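Asks: Dropping in start.txt, which is compact mmCIF, C-alpha atoms and all ligand atoms:
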```txt
# COMPACT_ATOMS: atom_id res chain seq x y z
CA MET G 643 -17.48 -29.66 -0.21
CA SER G 644 -13.78 -29.30 0.40
CA TYR G 645 -12.01 -28.39 3.63
CA LEU G 646 -8.61 -26.77 4.05
CA LEU G 647 -7.00 -26.76 7.49
CA ILE G 648 -4.20 -24.33 8.34
CA ARG G 649 -2.93 -26.05 11.44
CA ASN G 650 -1.29 -24.84 14.64
CA GLY G 651 -0.16 -21.38 13.49
CA TRP G 652 0.17 -18.14 15.45
CA VAL G 653 -3.16 -16.73 14.34
CA ILE G 654 -3.27 -12.93 14.29
CA ASP G 655 -6.56 -11.37 13.26
CA PRO G 656 -6.81 -7.80 14.56
CA SER G 657 -10.42 -7.54 13.29
CA GLN G 658 -11.41 -9.98 16.05
CA SER G 659 -8.54 -9.32 18.49
CA ILE G 660 -7.28 -12.87 17.90
CA ASP G 661 -3.63 -13.40 18.87
CA ARG G 662 -3.00 -17.05 19.79
CA ILE G 663 -1.80 -20.45 18.53
CA ASP G 664 -4.76 -22.06 16.80
CA ASP G 665 -6.20 -23.69 13.68
CA VAL G 666 -7.96 -21.94 10.81
CA TRP G 667 -10.60 -23.89 8.90
CA ILE G 668 -11.71 -23.03 5.38
CA GLU G 669 -14.64 -24.53 3.49
CA ASN G 670 -14.37 -23.96 -0.27
CA SER G 671 -13.85 -20.21 -0.65
CA ARG G 672 -14.96 -19.11 2.83
CA ILE G 673 -13.58 -19.06 6.37
CA VAL G 674 -15.30 -21.51 8.70
CA GLY G 675 -13.59 -20.06 11.76
CA VAL G 676 -10.57 -19.97 14.03
CA GLY G 677 -10.36 -22.89 16.48
CA PRO G 678 -10.33 -26.70 16.55
CA ARG G 679 -13.11 -28.49 14.65
CA PRO G 680 -12.91 -32.22 15.44
CA ASP G 681 -16.18 -32.68 13.55
CA LEU G 682 -14.58 -31.69 10.22
CA HIS G 683 -12.26 -33.69 7.97
CA ALA G 684 -9.52 -31.75 6.18
CA ASP G 685 -8.95 -32.49 2.49
CA ARG G 686 -5.68 -30.56 2.65
CA VAL G 687 -3.54 -29.47 5.57
CA ILE G 688 -1.04 -26.63 5.71
CA ASP G 689 1.20 -27.04 8.75
CA ALA G 690 1.70 -23.51 10.06
CA THR G 691 3.67 -24.50 13.16
CA GLY G 692 6.11 -21.69 13.92
CA ARG G 693 4.45 -19.42 11.35
CA ILE G 694 2.03 -16.50 11.55
CA VAL G 695 -1.41 -17.00 10.04
CA CYS G 696 -3.30 -13.79 9.28
CA PRO G 697 -5.87 -12.36 6.89
CA GLY G 698 -4.39 -11.95 3.40
CA LEU G 699 -2.37 -8.73 3.36
CA ILE G 700 -3.85 -5.71 1.58
CA ASP G 701 -1.73 -3.10 -0.20
CA MET G 702 -4.02 -0.19 -0.96
CA HIS G 703 -1.47 1.80 -2.97
CA VAL G 704 -0.18 0.01 -6.07
CA HIS G 705 0.53 1.11 -9.62
CA LEU G 706 -0.14 -1.74 -12.06
CA ARG G 707 0.56 0.34 -15.22
CA GLU G 708 -1.89 -1.52 -17.47
CA PRO G 709 -3.26 -0.21 -19.77
CA GLY G 710 -0.62 1.89 -21.48
CA ARG G 711 2.69 1.10 -19.83
CA GLU G 712 2.94 -2.67 -20.07
CA GLU G 713 6.73 -2.41 -20.44
CA ASP G 714 6.81 -1.47 -16.73
CA GLU G 715 4.21 -3.87 -15.32
CA THR G 716 0.98 -5.61 -16.25
CA ILE G 717 -1.98 -6.54 -14.13
CA ALA G 718 -0.77 -10.17 -14.36
CA THR G 719 2.84 -9.49 -13.31
CA GLY G 720 1.90 -6.92 -10.65
CA THR G 721 -0.55 -9.30 -9.01
CA ALA G 722 1.98 -12.18 -9.23
CA SER G 723 4.40 -9.86 -7.42
CA ALA G 724 1.70 -9.23 -4.80
CA ILE G 725 1.14 -12.93 -4.15
CA ALA G 726 4.91 -13.50 -3.87
CA GLY G 727 4.92 -10.76 -1.21
CA GLY G 728 2.03 -12.32 0.75
CA VAL G 729 -0.41 -9.68 -0.49
CA THR G 730 -3.80 -11.02 -1.57
CA SER G 731 -5.50 -7.71 -2.42
CA VAL G 732 -4.24 -4.54 -4.04
CA ALA G 733 -5.93 -1.26 -4.83
CA CYS G 734 -4.55 0.06 -8.11
CA MET G 735 -4.04 3.72 -8.91
CA PRO G 736 -5.69 5.32 -11.97
CA ASN G 737 -2.62 6.96 -13.57
CA THR G 738 -2.66 4.52 -16.47
CA GLU G 739 -2.82 5.55 -20.14
CA PRO G 740 -5.63 6.27 -20.67
CA ALA G 741 -6.48 7.19 -17.09
CA LEU G 742 -8.87 4.98 -15.15
CA ASP G 743 -11.67 7.52 -15.27
CA SER G 744 -14.68 5.62 -16.64
CA GLN G 745 -16.84 2.61 -15.88
CA ALA G 746 -15.37 0.75 -18.88
CA ALA G 747 -11.82 1.41 -17.69
CA ALA G 748 -12.60 0.05 -14.21
CA GLU G 749 -14.30 -2.98 -15.74
CA PHE G 750 -11.23 -3.64 -17.91
CA VAL G 751 -8.98 -3.75 -14.84
CA CYS G 752 -11.33 -6.12 -13.01
CA LEU G 753 -11.51 -8.38 -16.08
CA GLN G 754 -7.73 -8.50 -16.53
CA ALA G 755 -7.30 -9.24 -12.82
CA LYS G 756 -9.78 -12.09 -13.06
CA ARG G 757 -7.97 -13.50 -16.09
CA ALA G 758 -4.62 -13.35 -14.30
CA GLY G 759 -6.10 -15.19 -11.31
CA ASN G 760 -3.52 -13.87 -8.86
CA ALA G 761 -4.35 -11.28 -6.19
CA ASN G 762 -7.66 -9.42 -5.97
CA VAL G 763 -7.54 -6.04 -7.65
CA PHE G 764 -9.73 -3.16 -6.44
CA PRO G 765 -9.54 -0.27 -8.90
CA VAL G 766 -9.31 3.28 -7.64
CA GLY G 767 -11.00 5.69 -10.03
CA ALA G 768 -9.68 9.07 -11.08
CA ILE G 769 -11.13 12.12 -9.33
CA THR G 770 -11.02 14.18 -12.53
CA LYS G 771 -11.48 13.29 -16.19
CA GLY G 772 -8.14 12.26 -17.67
CA ARG G 773 -6.61 13.23 -14.30
CA ALA G 774 -6.44 16.67 -15.86
CA GLY G 775 -7.75 18.41 -12.75
CA ALA G 776 -10.51 20.34 -14.50
CA GLU G 777 -13.70 18.32 -14.39
CA LEU G 778 -14.94 15.60 -12.02
CA ALA G 779 -14.98 12.08 -13.43
CA GLU G 780 -18.20 10.06 -13.44
CA MET G 781 -17.98 8.71 -9.91
CA GLY G 782 -21.25 6.80 -10.07
CA GLY G 783 -20.20 4.98 -13.24
CA LEU G 784 -16.76 4.23 -11.82
CA ILE G 785 -18.34 2.65 -8.75
CA GLU G 786 -20.62 0.60 -11.04
CA GLY G 787 -17.45 -0.60 -12.77
CA GLY G 788 -15.88 -1.68 -9.49
CA ALA G 789 -13.99 1.40 -8.23
CA VAL G 790 -13.68 1.50 -4.43
CA ALA G 791 -12.21 4.99 -3.94
CA PHE G 792 -10.99 8.02 -5.89
CA THR G 793 -7.63 9.69 -6.45
CA ASP G 794 -5.63 11.53 -9.09
CA ASP G 795 -2.47 9.98 -7.61
CA GLY G 796 0.68 10.55 -9.54
CA THR G 797 -0.30 14.17 -9.24
CA PRO G 798 -2.35 16.20 -6.74
CA VAL G 799 -5.68 17.85 -7.47
CA VAL G 800 -4.44 21.41 -7.87
CA SER G 801 -7.78 23.19 -7.50
CA ALA G 802 -9.12 23.35 -3.95
CA GLU G 803 -12.57 23.94 -5.42
CA ILE G 804 -12.45 20.69 -7.41
CA MET G 805 -11.20 18.82 -4.35
CA ARG G 806 -14.02 20.27 -2.29
CA ARG G 807 -16.59 19.06 -4.80
CA ALA G 808 -14.91 15.66 -5.04
CA LEU G 809 -15.23 15.28 -1.25
CA GLU G 810 -18.87 16.36 -1.34
CA TYR G 811 -19.70 14.01 -4.19
CA SER G 812 -17.76 10.98 -2.90
CA LYS G 813 -19.45 11.43 0.47
CA MET G 814 -22.79 10.63 -1.15
CA PHE G 815 -21.34 7.23 -2.11
CA ASP G 816 -19.49 6.89 1.22
CA LYS G 817 -16.19 6.45 -0.63
CA ALA G 818 -12.82 7.88 0.35
CA ILE G 819 -10.75 10.39 -1.56
CA LEU G 820 -7.08 9.33 -1.58
CA SER G 821 -4.84 12.36 -1.73
CA HIS G 822 -1.39 12.70 -3.24
CA ALA G 823 -0.68 15.84 -1.21
CA GLU G 824 1.82 18.09 -2.92
CA ASP G 825 1.95 21.80 -3.71
CA LEU G 826 3.34 21.65 -7.24
CA ASP G 827 4.43 25.30 -7.25
CA LEU G 828 6.83 24.51 -4.43
CA THR G 829 8.21 21.26 -5.87
CA ARG G 830 8.59 22.17 -9.55
CA GLY G 831 11.90 20.92 -10.92
CA GLY G 832 12.83 19.22 -7.67
CA VAL G 833 14.51 15.81 -7.70
CA MET G 834 14.90 15.23 -3.95
CA HIS G 835 14.01 16.58 -0.50
CA GLU G 836 15.11 20.17 0.08
CA GLY G 837 17.63 20.38 2.91
CA ASN G 838 21.30 20.21 3.77
CA VAL G 839 21.88 17.20 1.54
CA SER G 840 20.26 18.75 -1.55
CA ARG G 841 22.30 21.90 -1.01
CA ARG G 842 25.52 19.89 -0.63
CA LEU G 843 24.79 17.86 -3.77
CA GLY G 844 23.68 20.91 -5.73
CA LEU G 845 20.35 19.25 -6.57
CA ARG G 846 17.03 21.04 -6.71
CA GLY G 847 14.90 20.28 -3.66
CA MET G 848 11.25 19.68 -2.83
CA PRO G 849 10.54 21.24 0.59
CA ALA G 850 8.62 19.39 3.29
CA VAL G 851 6.15 22.28 3.51
CA ALA G 852 4.96 21.46 -0.02
CA GLU G 853 3.43 18.34 1.51
CA ASP G 854 2.34 19.95 4.78
CA ILE G 855 0.44 22.75 3.03
CA ALA G 856 -1.41 20.27 0.81
CA VAL G 857 -2.24 17.98 3.74
CA PHE G 858 -3.59 20.97 5.67
CA ARG G 859 -5.84 21.85 2.71
CA GLU G 860 -7.18 18.29 2.37
CA ILE G 861 -8.01 18.06 6.08
CA ALA G 862 -9.68 21.49 6.08
CA LEU G 863 -11.80 20.49 3.06
CA ALA G 864 -12.72 17.14 4.61
CA GLU G 865 -13.75 19.04 7.72
CA ILE G 866 -16.15 21.44 5.99
CA THR G 867 -17.62 18.80 3.66
CA GLY G 868 -17.77 15.84 6.06
CA GLY G 869 -16.10 13.78 3.33
CA LYS G 870 -13.52 11.04 3.90
CA VAL G 871 -9.93 11.81 2.99
CA HIS G 872 -7.00 9.41 3.13
CA ILE G 873 -3.51 10.91 2.86
CA LEU G 874 -1.30 8.74 0.66
CA HIS G 875 2.44 8.18 1.31
CA VAL G 876 2.88 10.52 4.29
CA SER G 877 6.56 11.51 4.35
CA THR G 878 6.91 14.49 6.71
CA ALA G 879 6.71 14.90 10.48
CA GLY G 880 4.55 17.96 9.85
CA ALA G 881 1.96 15.99 7.88
CA VAL G 882 1.74 13.38 10.64
CA ASP G 883 1.06 16.15 13.13
CA LEU G 884 -1.66 17.69 10.96
CA ILE G 885 -3.41 14.31 10.61
CA ARG G 886 -3.16 13.79 14.37
CA GLN G 887 -4.78 17.19 15.03
CA GLY G 888 -7.46 16.54 12.41
CA LYS G 889 -8.37 13.22 13.99
CA ARG G 890 -8.62 14.88 17.40
CA ARG G 891 -11.18 17.32 15.96
CA GLY G 892 -13.17 14.44 14.54
CA VAL G 893 -12.29 15.01 10.87
CA ARG G 894 -12.68 11.86 8.75
CA VAL G 895 -9.00 11.65 7.85
CA THR G 896 -6.74 8.60 7.68
CA GLY G 897 -3.10 8.29 6.69
CA GLU G 898 -0.65 5.77 5.34
CA ALA G 899 3.12 5.34 5.37
CA CYS G 900 5.32 3.42 2.94
CA PRO G 901 8.34 1.39 4.16
CA HIS G 902 10.90 3.44 2.19
CA HIS G 903 9.77 6.65 3.89
CA PHE G 904 10.52 5.32 7.38
CA THR G 905 13.63 3.38 6.39
CA LEU G 906 15.72 5.62 4.11
CA THR G 907 16.72 9.29 4.25
CA ASP G 908 17.76 11.92 1.72
CA GLU G 909 21.40 10.97 2.50
CA CYS G 910 20.84 7.98 0.17
CA LEU G 911 20.77 10.39 -2.79
CA SER G 912 24.50 11.03 -2.26
CA THR G 913 25.04 8.03 -4.55
CA PHE G 914 22.87 9.67 -7.27
CA ASP G 915 21.15 6.27 -7.58
CA SER G 916 17.70 6.76 -9.14
CA ASN G 917 16.29 3.96 -6.95
CA PHE G 918 16.22 6.56 -4.19
CA LYS G 919 14.18 9.03 -6.23
CA MET G 920 10.48 9.15 -5.50
CA ALA G 921 7.63 11.60 -4.85
CA PRO G 922 7.24 12.47 -2.08
CA PRO G 923 11.00 12.22 -1.66
CA LEU G 924 13.04 10.50 1.03
CA ARG G 925 13.21 13.02 3.89
CA GLU G 926 15.29 13.53 7.05
CA GLN G 927 15.74 11.58 10.27
CA ARG G 928 13.28 13.84 12.10
CA ASP G 929 10.60 12.98 9.53
CA ILE G 930 11.29 9.28 9.97
CA GLU G 931 10.83 9.73 13.70
CA GLY G 932 7.56 11.59 13.11
CA ILE G 933 6.26 8.79 10.87
CA LEU G 934 7.27 6.09 13.36
CA GLU G 935 5.51 8.00 16.14
CA GLY G 936 2.43 8.32 13.93
CA LEU G 937 2.45 4.58 13.27
CA GLN G 938 2.79 3.87 16.98
CA ASP G 939 0.05 6.19 18.25
CA GLY G 940 -2.39 5.25 15.49
CA THR G 941 -2.29 8.56 13.60
CA LEU G 942 -1.12 6.57 10.57
CA ASP G 943 -3.64 3.78 10.09
CA VAL G 944 -2.26 2.01 7.05
CA LEU G 945 0.97 0.59 5.66
CA SER G 946 1.18 0.54 1.87
CA THR G 947 3.95 0.32 -0.73
CA ASP G 948 3.24 2.86 -3.51
CA HIS G 949 4.57 0.05 -5.75
CA ALA G 950 5.72 2.08 -8.78
CA PRO G 951 7.34 -0.06 -11.46
CA HIS G 952 9.51 1.51 -14.15
CA ALA G 953 11.31 -0.47 -16.85
CA PRO G 954 15.12 -0.56 -16.27
CA GLU G 955 16.01 1.73 -19.18
CA LYS G 956 13.87 4.50 -17.67
CA LYS G 957 15.54 4.32 -14.28
CA GLN G 958 19.05 4.36 -15.80
CA ARG G 959 18.83 7.95 -17.00
CA GLU G 960 20.24 11.02 -15.22
CA LEU G 961 18.51 11.79 -11.94
CA ASP G 962 16.52 14.72 -13.31
CA GLN G 963 15.33 12.65 -16.31
CA THR G 964 14.34 9.51 -14.44
CA PRO G 965 10.75 8.86 -13.28
CA ASN G 966 9.79 8.82 -9.58
CA GLY G 967 9.14 5.69 -7.60
CA ILE G 968 10.22 2.21 -6.60
CA ILE G 969 8.58 -1.20 -6.55
CA GLY G 970 7.49 -2.44 -3.15
CA LEU G 971 5.22 -5.47 -3.13
CA GLU G 972 7.98 -8.04 -2.60
CA THR G 973 9.74 -6.03 0.13
CA PHE G 974 6.62 -4.77 1.92
CA LEU G 975 6.70 -7.36 4.67
CA PRO G 976 10.46 -7.74 5.33
CA ILE G 977 11.24 -4.00 5.40
CA SER G 978 8.26 -3.38 7.69
CA VAL G 979 9.48 -6.19 9.97
CA LEU G 980 12.99 -4.75 9.95
CA ARG G 981 11.92 -1.21 10.85
CA LEU G 982 8.82 -1.77 12.97
CA ILE G 983 8.86 -5.22 14.56
CA GLU G 984 12.56 -5.85 15.21
CA PRO G 985 13.16 -2.57 17.13
CA GLY G 986 9.93 -3.23 19.07
CA LEU G 987 8.08 -0.17 17.76
CA LEU G 988 4.96 -2.14 16.83
CA THR G 989 3.68 -5.54 17.92
CA TRP G 990 2.79 -8.05 15.21
CA PRO G 991 -0.97 -7.54 15.76
CA GLN G 992 -0.51 -3.75 15.46
CA MET G 993 1.45 -4.10 12.23
CA ILE G 994 -0.88 -6.71 10.72
CA ALA G 995 -3.86 -4.43 11.46
CA LYS G 996 -2.27 -1.73 9.27
CA MET G 997 -1.88 -4.30 6.47
CA THR G 998 -5.34 -5.92 6.71
CA ILE G 999 -8.42 -4.56 8.44
CA HIS G 1000 -7.42 -0.89 8.44
CA PRO G 1001 -6.97 -0.57 4.66
CA ALA G 1002 -10.10 -2.71 4.19
CA ARG G 1003 -12.04 -0.17 6.26
CA VAL G 1004 -10.63 2.84 4.39
CA LEU G 1005 -11.67 1.26 1.09
CA GLY G 1006 -14.89 -0.27 2.41
CA ILE G 1007 -14.03 -3.72 1.05
CA ASP G 1008 -15.03 -7.05 2.61
CA ARG G 1009 -11.49 -8.28 3.18
CA GLY G 1010 -8.86 -8.21 5.90
CA THR G 1011 -10.60 -10.56 8.37
CA LEU G 1012 -10.81 -14.24 9.32
CA LYS G 1013 -14.38 -13.92 10.61
CA PRO G 1014 -16.66 -16.89 9.88
CA GLY G 1015 -18.12 -16.54 6.40
CA ALA G 1016 -15.45 -14.11 5.17
CA VAL G 1017 -13.71 -14.73 1.83
CA ALA G 1018 -10.82 -17.08 2.66
CA ASP G 1019 -7.82 -14.90 1.77
CA VAL G 1020 -5.04 -15.94 4.15
CA SER G 1021 -1.32 -15.25 4.41
CA VAL G 1022 1.04 -17.61 6.23
CA ILE G 1023 4.23 -15.79 7.21
CA ASP G 1024 7.65 -17.19 8.02
CA TYR G 1025 8.90 -14.55 10.47
CA THR G 1026 12.03 -16.27 11.73
CA THR G 1027 14.18 -17.30 8.76
CA THR G 1028 16.79 -14.77 7.64
CA TYR G 1029 17.25 -14.35 3.89
CA THR G 1030 18.75 -11.91 1.40
CA ILE G 1031 16.51 -9.78 -0.82
CA ASP G 1032 17.32 -10.69 -4.42
CA VAL G 1033 15.69 -8.34 -6.87
CA THR G 1034 16.53 -10.65 -9.81
CA LYS G 1035 14.06 -13.20 -8.38
CA PHE G 1036 11.14 -10.78 -8.17
CA ARG G 1037 7.91 -11.55 -10.00
CA SER G 1038 7.43 -7.89 -10.84
CA LYS G 1039 8.40 -6.90 -14.37
CA SER G 1040 10.53 -4.05 -13.03
CA ARG G 1041 13.67 -4.02 -10.90
CA ASN G 1042 13.67 -0.53 -9.39
CA CYS G 1043 14.21 -1.55 -5.77
CA PRO G 1044 16.77 -0.03 -3.39
CA PHE G 1045 16.73 -2.99 -0.98
CA SER G 1046 18.47 -5.67 -3.04
CA GLY G 1047 21.10 -7.45 -0.96
CA TRP G 1048 19.54 -6.52 2.40
CA GLU G 1049 19.47 -9.26 5.06
CA VAL G 1050 15.89 -9.50 6.32
CA ARG G 1051 13.22 -11.65 7.94
CA GLY G 1052 9.55 -12.03 7.12
CA ARG G 1053 8.27 -13.62 3.94
CA ALA G 1054 5.16 -15.42 2.74
CA ALA G 1055 5.34 -19.18 3.40
CA ALA G 1056 1.89 -19.79 1.92
CA VAL G 1057 -0.87 -17.73 0.36
CA VAL G 1058 -4.51 -18.75 0.11
CA LEU G 1059 -6.84 -16.80 -2.16
CA ALA G 1060 -10.57 -17.46 -1.80
CA GLY G 1061 -9.76 -20.90 -0.43
CA GLU G 1062 -7.33 -21.78 -3.21
CA VAL G 1063 -3.70 -22.38 -2.22
CA LYS G 1064 -1.70 -20.11 -4.56
CA PHE G 1065 1.58 -21.43 -3.22
CA SER G 1066 2.87 -23.11 -0.09
CA SER G 1067 6.30 -24.08 1.17
CA VAL G 1068 4.79 -25.68 4.29
CA GLY G 1069 2.60 -28.56 3.05
ZN ZN D 1101 1.52 9.76 -5.15
ZN ZN D 1102 1.35 6.33 -5.96
```
Mind turning this structure into structure tokens?

Replies:
Amino acid sequence: MSYLLIRNGWVIDPSQSIDRIDDVWIENSRIVGVGPRPDLHADRVIDATGRIVCPGLIDMHVHLREPGREEDETIATGTASAIAGGVTSVACMPNTEPALDSQAAAEFVCLQAKRAGNANVFPVGAITKGRAGAELAEMGGLIEGGAVAFTDDGTPVVSAEIMRRALEYSKMFDKAILSHAEDLDLTRGGVMHEGNVSRRLGLRGMPAVAEDIAVFREIALAEITGGKVHILHVSTAGAVDLIRQGKRRGVRVTGEACPHHFTLTDECLSTFDSNFKMAPPLREQRDIEGILEGLQDGTLDVLSTDHAPHAPEKKQRELDQTPNGIIGLETFLPISVLRLIEPGLLTWPQMIAKMTIHPARVLGIDRGTLKPGAVADVSVIDYTTTYTIDVTKFRSKSRNCPFSGWEVRGRAAAVVLAGEVKFSSVG
């Protein structure tokens, strides 16, 4: 038997409403509990004085690119990036090549993750075969292979009929459908948000209603089927409002926001820098305010990154030729601190909940808690030291990040994965 003591930290575990200075004891791979244990002898001590100690962070929206696009990221580099960002579990999206639409494909991801030995990887299976939108994938087999939810992310499910059946079918397994909500007819050819800025720059826009219409459809279908729908990367004030109304009616809908969507606006595209190009696109100040309100009142349950690595040569093309998305795992914490904690919009326990127990509940995974007996995934966070984001030091294989050079606070000081110290700068 081996004991690890994380001593004297500010322990925040929203799953148990813990918010106090205390010790966390770990025995082998499991949590013993929060609180002093004079009867136990620690084999290793991490001094967490002046640091936050919380359940290992979960990022439920990550693109790991393997198999098929290893020039952008691999399961090994993506999970190393996660650990560097204080994230111990990721859910990976199925838009790989081939798509993650079979039991064997899910098993491959789990095996590669195990080999890499970094963060936990929970595969998300495709809703439709080949993500082609025509025929439901084998959900039962995918779950057998380790899939924890379903999505065609990267693209929406165009057919409302297919989405309806996906919600009916996933309900039988009590799994969530994760929706990339976009009306493709309205966004075709668009490179940024449609508004004053797109008109000024002469760039083709993607209107906010393209998202709102799709979110409305998903909530209406969840309502008639009783299925669980989770709206990925909410970027419009209108979508936040629709989720809020859906929740009030008792629809099983949850929502997530990504740091870039509540930090940056479409004005950033004035530089024509492709690191500001993503889908859904950066919107307007009023959308940011809607998202922040949704995070504050609980309409948006989850914070995630939509970590979307692209090799440098792909992001250096003209704006209309370059792929959508930015990496996010290594800026998840500091940008969230900058936008949510520092202005006093969320308390630390509120923010940590959206990065731990809430995504764990959406996915139905046994993570995101420091309850006795839980798997000992723990993040220790330095929340006071100011530092400069340096994209050249990232563990991700890609460099498409718009936050390089930003002065921030909030970084992982230590990460424990199933009782094993992956790294520690504090003993
Ligand atoms: Zn998406
Ligand atoms: Zn995505």

Asks: To one decimal place in Å, what is the distance between CA of Asp714 (chain G) and CA of Arg757 (chain G)?

Replies: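 Separating CA of Asp714 (chain G) from CA of Arg757 (chain G) is a distance of 19.1 Å.
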
Asks: Out of G:Lys817, G:Arg773, G:Arg693, G:Arg649, which residue has the shortest atom-to-atom distance to Ala789 (chain G) when counting all atoms listed in the file?

Replies: G:Lys817

Asks: Any residue with an atom at most 8 Å from ligand ZN 1101 (chain D) counts, using all atoms listed in the file. Which are they? Put them as a list in words.

Replies: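 These are the residues that qualify: Asp795, Gly796, Thr797, Pro798, Ser821, His822, Ala823, Leu874, His875, Ala921, Pro922 and Asp948 of chain G.
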
Asks: Convert the current residue selection to file output with C-alpha atoms, as a PDB file, keeping the file's coordinate frame.

Replies:
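Below is the file result-v4.pdb, written as the result:
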```
ATOM      1  CA  ASP G 795      -2.470   9.980  -7.610  1.00  0.00           C
ATOM      2  CA  GLY G 796       0.680  10.550  -9.540  1.00  0.00           C
ATOM      3  CA  THR G 797      -0.300  14.170  -9.240  1.00  0.00           C
ATOM      4  CA  PRO G 798      -2.350  16.200  -6.740  1.00  0.00           C
ATOM      5  CA  SER G 821      -4.840  12.360  -1.730  1.00  0.00           C
ATOM      6  CA  HIS G 822      -1.390  12.700  -3.240  1.00  0.00           C
ATOM      7  CA  ALA G 823      -0.680  15.840  -1.210  1.00  0.00           C
ATOM      8  CA  LEU G 874      -1.300   8.740   0.660  1.00  0.00           C
ATOM      9  CA  HIS G 875       2.440   8.180   1.310  1.00  0.00           C
ATOM     10  CA  ALA G 921       7.630  11.600  -4.850  1.00  0.00           C
ATOM     11  CA  PRO G 922       7.240  12.470  -2.080  1.00  0.00           C
ATOM     12  CA  ASP G 948       3.240   2.860  -3.510  1.00  0.00           C
TER      13      ASP G 948
END
```

Asks: With all atoms listed in the file as the atoms that count, which of G:Thr1011, G:Thr947, G:Thr691, G:Ser723 lies nearest to ligand ZN 1102 (chain D)?

Replies: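 The answer is G:Thr947, which sits nearest to ligand ZN 1102 (chain D).
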
Asks: Which residues are close to region 1045-1051 of chain G, i.e. within 12 Å by all atoms listed in the file, leaving aside same-chain residues fewer than 3 positions away? Reply as a PyMOL selection string.

Replies: chain G and resi 901-902+905-906+910+917-918+968-984+1023-1036+1041-1042+1054-1055

Asks: What separation in Å, quoted to one decimal, exists between CA of Gly892 (chain G) and CA of Ala995 (chain G)?

Replies: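 For CA of Gly892 (chain G) relative to CA of Ala995 (chain G), the distance reads 21.3 Å.
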
Asks: When you look at region 657-659 of chain G with a cut-off of 10 Å (counting only C-alpha atoms), what residues show up, excluding the ones that are within fewer than 2 positions of it in the same chain? I need them as a list in words.

Replies: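 Near region 657-659 of chain G, the qualifying residues are Ile654, Asp655, Asp661, Arg662, Pro697, Pro991, Ile994, Ala995, Thr998, Ile999, His1000, Gly1010, Thr1011, Leu1012 and Lys1013 of chain G.
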
Asks: Do you have the CA of Ile694 (chain G)-CA of Gly720 (chain G) distance handy?

Replies: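 Separation of CA of Ile694 (chain G) and CA of Gly720 (chain G): 24.2 Å.
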
Asks: Would you list the contacts of Val666 (chain G) as a PyMOL selection string, taking every protein, DNA or RNA residue within 9 Å and counting only C-alpha atoms, but skipping same-chain residues closer than 6 positions in sequence?

Replies: chain G and resi 646-651+653+673-678+695+1012

Asks: Just the selected residues (C-alpha atoms), exported as a compact mmCIF listing (two decimals), in the frame of the given file, please.

Replies:
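selection_15.txt was written with the following content:
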```
# COMPACT_ATOMS: atom_id res chain seq x y z
CA LEU G 646 -8.61 -26.77 4.05
CA LEU G 647 -7.00 -26.76 7.49
CA ILE G 648 -4.20 -24.33 8.34
CA ARG G 649 -2.93 -26.05 11.44
CA ASN G 650 -1.29 -24.84 14.64
CA GLY G 651 -0.16 -21.38 13.49
CA VAL G 653 -3.16 -16.73 14.34
CA ILE G 673 -13.58 -19.06 6.37
CA VAL G 674 -15.30 -21.51 8.70
CA GLY G 675 -13.59 -20.06 11.76
CA VAL G 676 -10.57 -19.97 14.03
CA GLY G 677 -10.36 -22.89 16.48
CA PRO G 678 -10.33 -26.70 16.55
CA VAL G 695 -1.41 -17.00 10.04
CA LEU G 1012 -10.81 -14.24 9.32
```

Asks: For region 868-876 of chain G, which lacks atoms in the input, supply N, CA and C atoms and format the output as a PDB file, in the frame of the given file.

Replies:
```
ATOM      1  N   GLY G 868     -17.406  17.105   5.417  1.00  0.00           N
ATOM      2  CA  GLY G 868     -17.770  15.840   6.060  1.00  0.00           C
ATOM      3  C   GLY G 868     -17.357  14.644   5.224  1.00  0.00           C
ATOM      4  N   GLY G 869     -16.588  14.876   4.167  1.00  0.00           N
ATOM      5  CA  GLY G 869     -16.100  13.780   3.330  1.00  0.00           C
ATOM      6  C   GLY G 869     -14.955  13.028   3.991  1.00  0.00           C
ATOM      7  N   LYS G 870     -14.607  11.883   3.366  1.00  0.00           N
ATOM      8  CA  LYS G 870     -13.520  11.040   3.900  1.00  0.00           C
ATOM      9  C   LYS G 870     -12.273  11.259   3.071  1.00  0.00           C
ATOM     10  N   VAL G 871     -11.173  11.654   3.727  1.00  0.00           N
ATOM     11  CA  VAL G 871      -9.930  11.810   2.990  1.00  0.00           C
ATOM     12  C   VAL G 871      -8.856  10.910   3.594  1.00  0.00           C
ATOM     13  N   HIS G 872      -8.104  10.275   2.711  1.00  0.00           N
ATOM     14  CA  HIS G 872      -7.000   9.410   3.130  1.00  0.00           C
ATOM     15  C   HIS G 872      -5.724   9.981   2.514  1.00  0.00           C
ATOM     16  N   ILE G 873      -4.743  10.307   3.366  1.00  0.00           N
ATOM     17  CA  ILE G 873      -3.510  10.910   2.860  1.00  0.00           C
ATOM     18  C   ILE G 873      -2.540   9.794   2.469  1.00  0.00           C
ATOM     19  N   LEU G 874      -2.222   9.761   1.179  1.00  0.00           N
ATOM     20  CA  LEU G 874      -1.300   8.740   0.660  1.00  0.00           C
ATOM     21  C   LEU G 874       0.139   9.080   1.074  1.00  0.00           C
ATOM     22  N   HIS G 875       0.979   8.052   1.093  1.00  0.00           N
ATOM     23  CA  HIS G 875       2.440   8.180   1.310  1.00  0.00           C
ATOM     24  C   HIS G 875       2.877   9.386   2.123  1.00  0.00           C
ATOM     25  N   VAL G 876       2.485   9.424   3.392  1.00  0.00           N
ATOM     26  CA  VAL G 876       2.880  10.520   4.290  1.00  0.00           C
ATOM     27  C   VAL G 876       4.401  10.444   4.514  1.00  0.00           C
TER      28      VAL G 876
END
```
